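Next comes data_3.tsv, with TSV, C-alpha atoms.
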```tsv
chain	number	residue	atom	x	y	z
A	841	MET	CA	27.85	35.96	-21.27
A	842	ASN	CA	27.24	38.19	-18.24
A	843	ASP	CA	23.82	38.98	-16.77
A	844	ALA	CA	23.54	42.36	-18.50
A	845	ALA	CA	24.29	40.87	-21.94
A	846	ARG	CA	21.87	38.02	-21.29
A	847	LYS	CA	19.14	40.50	-20.33
A	848	ARG	CA	19.71	42.48	-23.54
A	849	LEU	CA	19.53	39.29	-25.56
A	850	TRP	CA	16.17	38.42	-24.00
A	851	GLU	CA	14.84	41.93	-24.59
A	852	ASP	CA	15.93	41.80	-28.23
A	853	TYR	CA	14.34	38.39	-28.72
A	854	ALA	CA	11.09	39.47	-27.06
A	855	ARG	CA	10.91	42.41	-29.45
A	856	LEU	CA	12.21	40.90	-32.72
A	857	ARG	CA	11.73	37.09	-32.38
A	858	THR	CA	14.33	36.34	-35.05
A	859	LEU	CA	15.78	32.86	-35.65
A	860	GLU	CA	19.27	34.25	-35.14
A	861	LEU	CA	18.47	35.53	-31.64
A	862	ARG	CA	16.65	32.31	-30.84
A	863	GLU	CA	19.74	30.33	-31.84
A	864	LYS	CA	21.90	32.50	-29.57
A	865	LEU	CA	19.58	31.79	-26.63
A	866	ILE	CA	19.68	28.05	-27.35
A	867	LEU	CA	23.49	28.07	-27.37
A	868	GLU	CA	23.61	30.22	-24.22
A	869	TYR	CA	21.40	27.87	-22.20
A	870	ALA	CA	22.47	24.54	-23.73
A	871	PRO	CA	24.63	23.74	-20.65
A	872	LEU	CA	21.43	23.78	-18.57
A	873	VAL	CA	20.17	20.79	-20.56
A	874	LYS	CA	23.30	18.85	-19.63
A	875	VAL	CA	22.81	19.66	-15.95
A	876	VAL	CA	19.18	18.46	-15.93
A	877	ALA	CA	20.02	15.38	-18.01
A	878	GLY	CA	22.88	14.55	-15.66
A	879	ARG	CA	20.62	14.69	-12.62
A	880	LEU	CA	18.00	12.48	-14.24
A	881	SER	CA	20.63	10.02	-15.40
A	882	MET	CA	21.23	9.17	-11.74
A	883	TYR	CA	17.70	7.72	-11.61
A	884	LEU	CA	17.95	5.98	-14.94
A	885	GLY	CA	21.39	4.42	-14.52
A	886	TYR	CA	22.54	2.69	-17.69
A	887	ASN	CA	19.02	2.13	-19.01
A	888	VAL	CA	19.09	5.24	-21.21
A	889	GLU	CA	22.14	6.85	-22.77
A	890	TYR	CA	23.08	10.26	-21.36
A	891	GLU	CA	23.39	11.67	-24.88
A	892	ASP	CA	19.80	10.63	-25.59
A	893	LEU	CA	18.61	12.44	-22.46
A	894	VAL	CA	20.40	15.58	-23.65
A	895	SER	CA	18.79	15.37	-27.09
A	896	TYR	CA	15.32	14.95	-25.52
A	897	GLY	CA	16.01	17.87	-23.20
A	898	LEU	CA	16.95	20.21	-26.06
A	899	PHE	CA	13.35	20.10	-27.26
A	900	GLY	CA	12.28	21.27	-23.80
A	901	LEU	CA	14.83	24.08	-23.89
A	902	ILE	CA	13.61	25.30	-27.28
A	903	ASP	CA	9.99	25.11	-26.10
A	904	SER	CA	10.80	27.08	-22.95
A	905	ILE	CA	12.60	29.79	-24.97
A	906	ASP	CA	9.57	30.14	-27.24
A	907	LYS	CA	7.08	30.32	-24.34
A	908	PHE	CA	9.01	32.22	-21.69
A	909	ASP	CA	7.46	35.51	-20.55
A	910	VAL	CA	10.25	37.95	-19.73
A	911	GLY	CA	7.80	40.08	-17.76
A	912	LYS	CA	7.10	37.41	-15.15
A	913	GLU	CA	9.03	37.27	-11.89
A	914	VAL	CA	10.54	33.89	-12.64
A	915	LYS	CA	14.16	33.14	-13.53
A	916	PHE	CA	14.44	31.55	-16.93
A	917	GLU	CA	16.74	28.85	-15.56
A	918	THR	CA	14.04	27.79	-13.09
A	919	TYR	CA	11.32	27.79	-15.72
A	920	ALA	CA	13.46	26.03	-18.34
A	921	SER	CA	14.67	23.34	-15.94
A	922	LEU	CA	11.09	22.17	-15.46
A	923	ARG	CA	10.39	22.21	-19.20
A	924	ILE	CA	13.60	20.37	-20.00
A	925	ARG	CA	12.92	17.73	-17.37
A	926	GLY	CA	9.33	17.41	-18.57
A	927	ALA	CA	10.45	16.91	-22.18
A	928	ILE	CA	12.87	14.17	-21.15
A	929	LEU	CA	10.28	12.38	-19.01
A	930	ASP	CA	7.61	12.66	-21.69
A	931	GLN	CA	9.87	11.05	-24.25
A	932	ILE	CA	10.82	8.25	-21.87
A	933	ARG	CA	7.19	7.60	-21.06
A	934	LYS	CA	6.32	7.42	-24.78
A	935	MET	CA	9.07	4.86	-25.24
A	936	ASP	CA	7.58	2.82	-22.36
A	937	TRP	CA	11.07	1.40	-21.88
A	938	ILE	CA	10.65	0.23	-18.28
A	939	PRO	CA	9.95	-3.52	-18.47
A	940	ARG	CA	6.83	-4.75	-16.70
A	941	THR	CA	8.94	-7.12	-14.58
A	942	ILE	CA	10.85	-4.16	-13.10
A	943	ARG	CA	7.61	-2.44	-12.14
A	944	GLN	CA	6.39	-5.67	-10.57
A	945	ARG	CA	9.61	-5.96	-8.57
A	946	GLN	CA	9.20	-2.42	-7.30
A	947	LYS	CA	5.70	-3.31	-6.08
A	948	GLN	CA	7.00	-6.47	-4.40
A	949	ILE	CA	9.66	-4.50	-2.55
A	950	ASP	CA	7.21	-1.77	-1.52
A	951	THR	CA	4.75	-4.38	-0.24
A	952	ALA	CA	7.45	-6.29	1.63
A	953	MET	CA	8.75	-3.09	3.26
A	954	LYS	CA	5.27	-2.12	4.47
A	955	GLU	CA	4.44	-5.59	5.81
A	956	ILE	CA	7.75	-5.96	7.66
A	957	GLU	CA	7.41	-2.45	9.12
A	958	GLN	CA	3.89	-3.23	10.32
A	959	GLN	CA	5.03	-6.51	11.90
A	960	ASN	CA	8.19	-5.21	13.57
A	961	GLY	CA	7.38	-1.56	14.13
A	962	ARG	CA	10.61	-0.45	12.44
A	963	PRO	CA	12.05	-0.09	8.92
A	964	ALA	CA	12.95	-3.36	7.18
A	965	THR	CA	16.54	-4.34	6.48
A	966	ASP	CA	17.77	-5.51	3.08
A	967	ALA	CA	18.12	-9.07	4.39
A	968	GLU	CA	14.54	-9.09	5.73
A	969	ILE	CA	13.11	-7.78	2.47
A	970	ALA	CA	15.04	-10.33	0.42
A	971	ARG	CA	13.89	-13.15	2.71
A	972	HIS	CA	10.29	-11.92	2.62
A	973	ILE	CA	10.28	-11.89	-1.19
A	974	GLY	CA	12.13	-15.20	-1.40
A	975	ILE	CA	15.35	-14.13	-3.10
A	976	SER	CA	19.00	-13.89	-2.04
A	977	GLU	CA	20.54	-10.64	-0.83
A	978	ASP	CA	22.68	-10.52	-3.99
A	979	GLU	CA	19.55	-10.83	-6.13
A	980	PHE	CA	17.92	-8.07	-4.08
A	981	LEU	CA	20.87	-5.75	-4.79
A	982	ASP	CA	20.47	-6.53	-8.50
A	983	TRP	CA	16.77	-5.69	-8.25
A	984	GLN	CA	17.60	-2.39	-6.59
A	985	GLY	CA	19.89	-1.46	-9.45
A	986	GLN	CA	17.23	-2.34	-12.03
A	987	ILE	CA	14.34	-0.55	-10.35
A	988	LYS	CA	16.37	2.56	-9.74
A	989	ALA	CA	14.94	3.79	-13.02
A	990	ASP	CA	11.39	3.28	-11.79
A	991	ASN	CA	11.82	6.29	-9.52
A	992	ILE	CA	11.33	8.32	-12.68
A	993	ILE	CA	7.64	7.41	-12.61
A	994	SER	CA	7.18	9.35	-9.38
A	995	LEU	CA	8.85	12.39	-10.91
A	996	ASN	CA	6.61	12.16	-13.94
A	997	GLU	CA	3.50	11.95	-11.77
A	998	TYR	CA	4.63	14.98	-9.80
A	999	ILE	CA	4.98	17.08	-12.94
A	1000	GLU	CA	1.68	15.85	-14.41
A	1001	GLN	CA	-0.16	16.88	-11.24
A	1002	GLY	CA	0.50	20.47	-12.26
A	1003	ASN	CA	3.22	21.30	-9.74
A	1004	ASP	CA	4.82	23.85	-12.04
A	1005	ILE	CA	7.08	26.34	-10.34
A	1006	SER	CA	6.16	29.01	-12.87
A	1007	ALA	CA	2.57	28.88	-11.66
A	1008	ASP	CA	3.67	29.30	-8.05
A	1009	ARG	CA	6.13	32.13	-8.61
A	1010	GLY	CA	4.64	33.87	-11.59
A	1011	THR	CA	2.17	35.97	-9.58
A	1012	SER	CA	2.83	39.49	-8.39
A	1013	SER	CA	1.86	38.62	-4.82
A	1014	GLY	CA	4.60	37.44	-2.49
A	1015	PHE	CA	2.14	35.58	-0.26
A	1016	ASP	CA	0.94	32.00	-0.35
A	1017	THR	CA	-2.75	31.17	-0.40
A	1018	PRO	CA	-4.11	29.42	2.73
A	1019	GLU	CA	-4.30	26.20	0.70
A	1020	ARG	CA	-0.62	26.45	-0.23
A	1021	VAL	CA	0.35	27.12	3.41
A	1022	ILE	CA	-1.53	24.01	4.54
A	1023	GLU	CA	-0.04	21.94	1.70
A	1024	LYS	CA	3.50	23.04	2.58
A	1025	SER	CA	2.93	22.29	6.25
A	1026	GLU	CA	1.60	18.81	5.49
A	1027	LEU	CA	4.44	18.18	3.05
A	1028	LYS	CA	7.06	19.20	5.63
A	1029	GLU	CA	5.49	16.88	8.21
A	1030	MET	CA	5.41	14.05	5.64
A	1031	LEU	CA	9.05	14.64	4.73
A	1032	ASP	CA	10.12	14.65	8.39
A	1033	GLU	CA	8.31	11.35	8.97
A	1034	ALA	CA	9.87	9.85	5.84
A	1035	LEU	CA	13.37	10.82	6.98
A	1036	GLU	CA	12.77	9.03	10.27
A	1037	LEU	CA	12.45	5.75	8.33
A	1038	LEU	CA	16.09	5.95	7.27
A	1039	THR	CA	19.26	4.69	8.86
A	1040	GLU	CA	21.77	7.35	9.90
A	1041	LYS	CA	23.91	6.72	6.82
A	1042	GLU	CA	20.90	6.85	4.45
A	1043	LYS	CA	19.73	10.07	6.07
A	1044	LYS	CA	23.19	11.59	5.64
A	1045	VAL	CA	23.17	10.72	1.93
A	1046	ILE	CA	19.74	12.36	1.45
A	1047	LEU	CA	20.68	15.48	3.41
A	1048	LEU	CA	24.06	15.88	1.73
A	1049	TYR	CA	22.65	15.28	-1.75
A	1050	TYR	CA	19.42	17.31	-1.62
A	1051	TYR	CA	20.15	19.92	1.04
A	1052	GLU	CA	23.90	20.48	0.72
A	1053	GLU	CA	23.76	19.70	-3.05
A	1054	LEU	CA	26.90	17.56	-3.03
A	1055	THR	CA	27.46	15.10	-5.88
A	1056	LEU	CA	27.53	11.35	-5.24
A	1057	LYS	CA	31.30	11.42	-5.70
A	1058	GLU	CA	31.67	14.19	-3.10
A	1059	ILE	CA	29.40	12.32	-0.66
A	1060	SER	CA	31.48	9.16	-1.12
A	1061	ARG	CA	34.54	11.14	-0.01
A	1062	VAL	CA	32.72	12.62	2.99
A	1063	LEU	CA	31.37	9.26	4.19
A	1064	GLU	CA	34.50	7.39	3.07
A	1065	VAL	CA	32.67	4.69	1.12
A	1066	SER	CA	32.55	3.89	-2.60
A	1067	GLU	CA	30.41	5.91	-4.99
A	1068	SER	CA	28.48	2.75	-5.93
A	1069	ARG	CA	27.64	2.23	-2.25
A	1070	ILE	CA	26.37	5.83	-2.01
A	1071	SER	CA	24.20	5.16	-5.06
A	1072	GLN	CA	22.79	2.06	-3.34
A	1073	LEU	CA	22.09	4.00	-0.15
A	1074	HIS	CA	20.36	6.72	-2.14
A	1075	THR	CA	18.15	4.23	-3.98
A	1076	ARG	CA	17.34	2.42	-0.75
A	1077	ALA	CA	16.46	5.68	1.00
A	1078	LEU	CA	14.09	6.74	-1.78
A	1079	GLN	CA	12.38	3.35	-1.67
A	1080	LYS	CA	11.76	3.75	2.05
A	1081	MET	CA	10.63	7.35	1.73
A	1082	ARG	CA	8.13	6.69	-1.04
A	1083	THR	CA	6.15	4.43	1.34
A	1084	LYS	CA	5.35	7.63	3.27
A	1085	MET	CA	5.43	10.24	0.53
A	1086	GLY	CA	3.96	8.47	-2.50
A	1087	SER	CA	4.08	10.68	-5.60
A	1088	TYR	CA	5.36	13.58	-3.47
A	1089	ILE	CA	8.77	11.86	-3.63
A	1090	GLY	CA	9.12	13.97	-6.82
A	1091	ILE	CA	10.04	17.01	-4.74
A	1092	LEU	CA	13.44	15.38	-4.27
A	1093	ASP	CA	14.31	15.66	-7.95
A	1094	ARG	CA	17.37	17.74	-8.73
```
Encoded form (C-alpha cells):
Amino acid sequence: MNDAARKRLWEDYARLRTLELREKLILEYAPLVKVVAGRLSMYLGYNVEYEDLVSYGLFGLIDSIDKFDVGKEVKFETYASLRIRGAILDQIRKMDWIPRTIRQRQKQIDTAMKEIEQQNGRPATDAEIARHIGISEDEFLDWQGQIKADNIISLNEYIEQGNDISADRGTSSGFDTPERVIEKSELKEMLDEALELLTEKEKKVILLYYYEELTLKEISRVLEVSESRISQLHTRALQKMRTKMGSYIGILDR
C-alpha cells in the first residue's frame, strides 16, 4: 500500500471506526511487529521464542491503532513501535521469566567491572572479571550469554520513566524546552564517556549497529569475524556502557 492509500485508510478509520477498517490497518502494519520483535529477540536470545514476542507485540499494535491521533505530528510507525515494544516488555515482566541467579550474576559482573576499573584506571578485561568473580573464562562467556536477556530490564525502566516519543514530538512547537536541552546535552556527554570505555572492536560494533543500522550478520562481514563473536562483543559493550549510563542504556534499543 502506498502512502496516499495508507493516508486514506487512516482518514476513513478516524471517521468511521469500523472493525473492517481496523482489521485492514492491523494487516498493513503487522510487519512492524516482526521488526520490533526481531530487535528485542537479540537481547533475549533463546530465552523467549520469537513467535511469542510477535504475539505479545500484536496487542501493542492493536492498542496503538485504537489510540493513535492522526492529527498529531507523529508518524504512526514511530508511535506504534514504542507501544509494540512496551507490550512485549510488559508481558515478559509479568512472566518474571528471568531467573534470580541471572540477575545476581549481572550484579556480580557489574560490581567486578567497577572495582577493577577503580583499581587499574582502565576498563576490565574478560579474564580479569572472571578471575575477580572466581570463575573460568569459559564460565564467564556462558554467563554473558545468559545475562544477555537481563538488558531488557534497562529497556523496561527507560519506557516506564515516561520517555515516550509521542510526548516529545506531539507538540506543535519545534523547539525543546530548556530542561530538554540540558538533558540531551548531559545524555550526549554520558554516551561519549561510555563509548570511551570500549575497545576499538566493541566501539565499532556499537557504532555500526546503532548508528549505521547494520545487522549483526552484516557487521560480522565488515569486521570479518563470526556472528556469534559480534553478539558477544555487543553484549560486552552494553555491560561496560551501563556502568556509566545506568537506565539510560535504553536509548540504544532498536
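Among the candidates A:Glu889, A:Glu955, A:Glu863, A:Asp906, the one nearest to Ile928 in chain A when counting all atoms listed in the file is A:Glu889.
CA of Arg943 in chain A to CA of Val888 in chain A spans 16.5 Å [interatomic distance, one decimal].
The residue that comes closest to Arg862 in chain A, out of A:Ile905, A:Leu1037, A:Leu893, A:Ala844 and on the basis of all atoms listed in the file, is A:Ile905.
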Q) With all atoms listed in the file as the basis for distance, which of A:Met935, A:Ala952, A:Ile1059, A:Leu1038 is at the shortest distance from Arg1076 in chain A? A) A:Leu1038
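Going from CA of Glu860 in chain A to CA of Ala845 in chain A covers 15.6 Å.
With all atoms listed in the file as the atoms that count, the minimum distance from Ala920 in chain A to the choices A:Ile932, A:Ile973, A:Met953, A:Ile866 is reached by A:Ile866.
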Q: Go through A:Leu1035, A:Ile942, A:Leu1054, A:Val876 and flag the residue nearest Trp983 in chain A, using all atoms listed in the file for the distances.
A: A:Ile942
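Computed from the coordinates, the CA of Met1085 in chain A to CA of Met1030 in chain A distance equals 6.4 Å.
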Distance query 12 Å from (20.8, 37.4, -15.9) using all atoms listed in the file, result as a short mmCIF file (atom, residue, chain, number, x, y, z; two decimals) with C-alpha atoms, keeping the file's coordinate frame:
```
data_model
loop_
_atom_site.label_atom_id
_atom_site.label_comp_id
_atom_site.auth_asym_id
_atom_site.auth_seq_id
_atom_site.Cartn_x
_atom_site.Cartn_y
_atom_site.Cartn_z
CA MET A 841 27.85 35.96 -21.27
CA ASN A 842 27.24 38.19 -18.24
CA ASP A 843 23.82 38.98 -16.77
CA ALA A 844 23.54 42.36 -18.50
CA ALA A 845 24.29 40.87 -21.94
CA ARG A 846 21.87 38.02 -21.29
CA LYS A 847 19.14 40.50 -20.33
CA ARG A 848 19.71 42.48 -23.54
CA LEU A 849 19.53 39.29 -25.56
CA TRP A 850 16.17 38.42 -24.00
CA GLU A 851 14.84 41.93 -24.59
CA GLU A 868 23.61 30.22 -24.22
CA TYR A 869 21.40 27.87 -22.20
CA VAL A 910 10.25 37.95 -19.73
CA VAL A 914 10.54 33.89 -12.64
CA LYS A 915 14.16 33.14 -13.53
CA PHE A 916 14.44 31.55 -16.93
CA GLU A 917 16.74 28.85 -15.56
#
```
Q: Return the single residue from A:Tyr890, A:Phe908, A:Tyr919, A:Phe980 that is closest to Ala854 in chain A, with distances computed using all atoms listed in the file.
A: A:Phe908
Q) Near Ile1070 in chain A, within 10 Å and counting all atoms listed in the file, which residues show up once chain neighbours fewer than 2 positions away are dropped, as a list in words? A) Lys1041, Glu1042, Val1045, Ile1046, Leu1056, Lys1057, Glu1058, Ile1059, Ser1060, Arg1061, Leu1063, Glu1064, Val1065, Ser1066, Glu1067, Ser1068, Gln1072, Leu1073, His1074, Thr1075 and Arg1076 of chain A
List the neighbours of Glu968 in chain A out to 12 Å using all atoms listed in the file; skip same-chain residues closer than 3 positions along the sequence, and give me the result as a CSV table (one decimal) with C-alpha atoms, in the coordinates of the input.
```csv
chain,number,residue,atom,x,y,z
A,949,ILE,CA,9.7,-4.5,-2.6
A,952,ALA,CA,7.4,-6.3,1.6
A,953,MET,CA,8.8,-3.1,3.3
A,954,LYS,CA,5.3,-2.1,4.5
A,955,GLU,CA,4.4,-5.6,5.8
A,956,ILE,CA,7.8,-6.0,7.7
A,957,GLU,CA,7.4,-2.4,9.1
A,959,GLN,CA,5.0,-6.5,11.9
A,960,ASN,CA,8.2,-5.2,13.6
A,962,ARG,CA,10.6,-0.4,12.4
A,963,PRO,CA,12.0,-0.1,8.9
A,964,ALA,CA,13.0,-3.4,7.2
A,965,THR,CA,16.5,-4.3,6.5
A,971,ARG,CA,13.9,-13.2,2.7
A,972,HIS,CA,10.3,-11.9,2.6
A,973,ILE,CA,10.3,-11.9,-1.2
A,974,GLY,CA,12.1,-15.2,-1.4
A,975,ILE,CA,15.4,-14.1,-3.1
A,976,SER,CA,19.0,-13.9,-2.0
A,977,GLU,CA,20.5,-10.6,-0.8
A,980,PHE,CA,17.9,-8.1,-4.1
```
Can range 956-972 of chain A be brought up to N, CA and C atoms and written out as an mmCIF file, in the coordinates of the input?
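Contents of rebuild-v6.cif, freshly written:
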```
data_model
loop_
_atom_site.group_PDB
_atom_site.id
_atom_site.type_symbol
_atom_site.label_atom_id
_atom_site.label_comp_id
_atom_site.auth_asym_id
_atom_site.auth_seq_id
_atom_site.Cartn_x
_atom_site.Cartn_y
_atom_site.Cartn_z
ATOM 1 N N ILE A 956 6.719 -5.758 6.634
ATOM 2 C CA ILE A 956 7.750 -5.960 7.660
ATOM 3 C C ILE A 956 7.706 -4.834 8.693
ATOM 4 N N GLU A 957 7.498 -3.595 8.207
ATOM 5 C CA GLU A 957 7.410 -2.450 9.120
ATOM 6 C C GLU A 957 6.206 -2.593 10.059
ATOM 7 N N GLN A 958 5.083 -3.049 9.500
ATOM 8 C CA GLN A 958 3.890 -3.230 10.320
ATOM 9 C C GLN A 958 4.097 -4.337 11.372
ATOM 10 N N GLN A 959 4.793 -5.383 10.981
ATOM 11 C CA GLN A 959 5.030 -6.510 11.900
ATOM 12 C C GLN A 959 6.020 -6.158 13.012
ATOM 13 N N ASN A 960 7.100 -5.453 12.627
ATOM 14 C CA ASN A 960 8.190 -5.210 13.570
ATOM 15 C C ASN A 960 8.206 -3.814 14.178
ATOM 16 N N GLY A 961 7.417 -2.916 13.602
ATOM 17 C CA GLY A 961 7.380 -1.560 14.130
ATOM 18 C C GLY A 961 8.636 -0.757 13.857
ATOM 19 N N ARG A 962 9.378 -1.147 12.816
ATOM 20 C CA ARG A 962 10.610 -0.450 12.440
ATOM 21 C C ARG A 962 10.869 -0.702 10.956
ATOM 22 N N PRO A 963 11.725 0.132 10.335
ATOM 23 C CA PRO A 963 12.050 -0.090 8.920
ATOM 24 C C PRO A 963 12.690 -1.446 8.678
ATOM 25 N N ALA A 964 12.404 -2.042 7.529
ATOM 26 C CA ALA A 964 12.950 -3.360 7.180
ATOM 27 C C ALA A 964 14.394 -3.250 6.712
ATOM 28 N N THR A 965 15.165 -4.280 6.982
ATOM 29 C CA THR A 965 16.540 -4.340 6.480
ATOM 30 C C THR A 965 16.534 -5.003 5.100
ATOM 31 N N ASP A 966 17.641 -4.874 4.385
ATOM 32 C CA ASP A 966 17.770 -5.510 3.080
ATOM 33 C C ASP A 966 17.567 -7.023 3.189
ATOM 34 N N ALA A 967 18.197 -7.613 4.218
ATOM 35 C CA ALA A 967 18.120 -9.070 4.390
ATOM 36 C C ALA A 967 16.684 -9.516 4.634
ATOM 37 N N GLU A 968 15.937 -8.747 5.439
ATOM 38 C CA GLU A 968 14.540 -9.090 5.730
ATOM 39 C C GLU A 968 13.668 -8.980 4.492
ATOM 40 N N ILE A 969 13.897 -7.954 3.694
ATOM 41 C CA ILE A 969 13.110 -7.780 2.470
ATOM 42 C C ILE A 969 13.385 -8.921 1.499
ATOM 43 N N ALA A 970 14.657 -9.235 1.329
ATOM 44 C CA ALA A 970 15.040 -10.330 0.420
ATOM 45 C C ALA A 970 14.391 -11.641 0.865
ATOM 46 N N ARG A 971 14.470 -11.915 2.174
ATOM 47 C CA ARG A 971 13.890 -13.150 2.710
ATOM 48 C C ARG A 971 12.373 -13.163 2.535
ATOM 49 N N HIS A 972 11.745 -12.026 2.747
ATOM 50 C CA HIS A 972 10.290 -11.920 2.620
ATOM 51 C C HIS A 972 9.846 -12.201 1.179
#
```
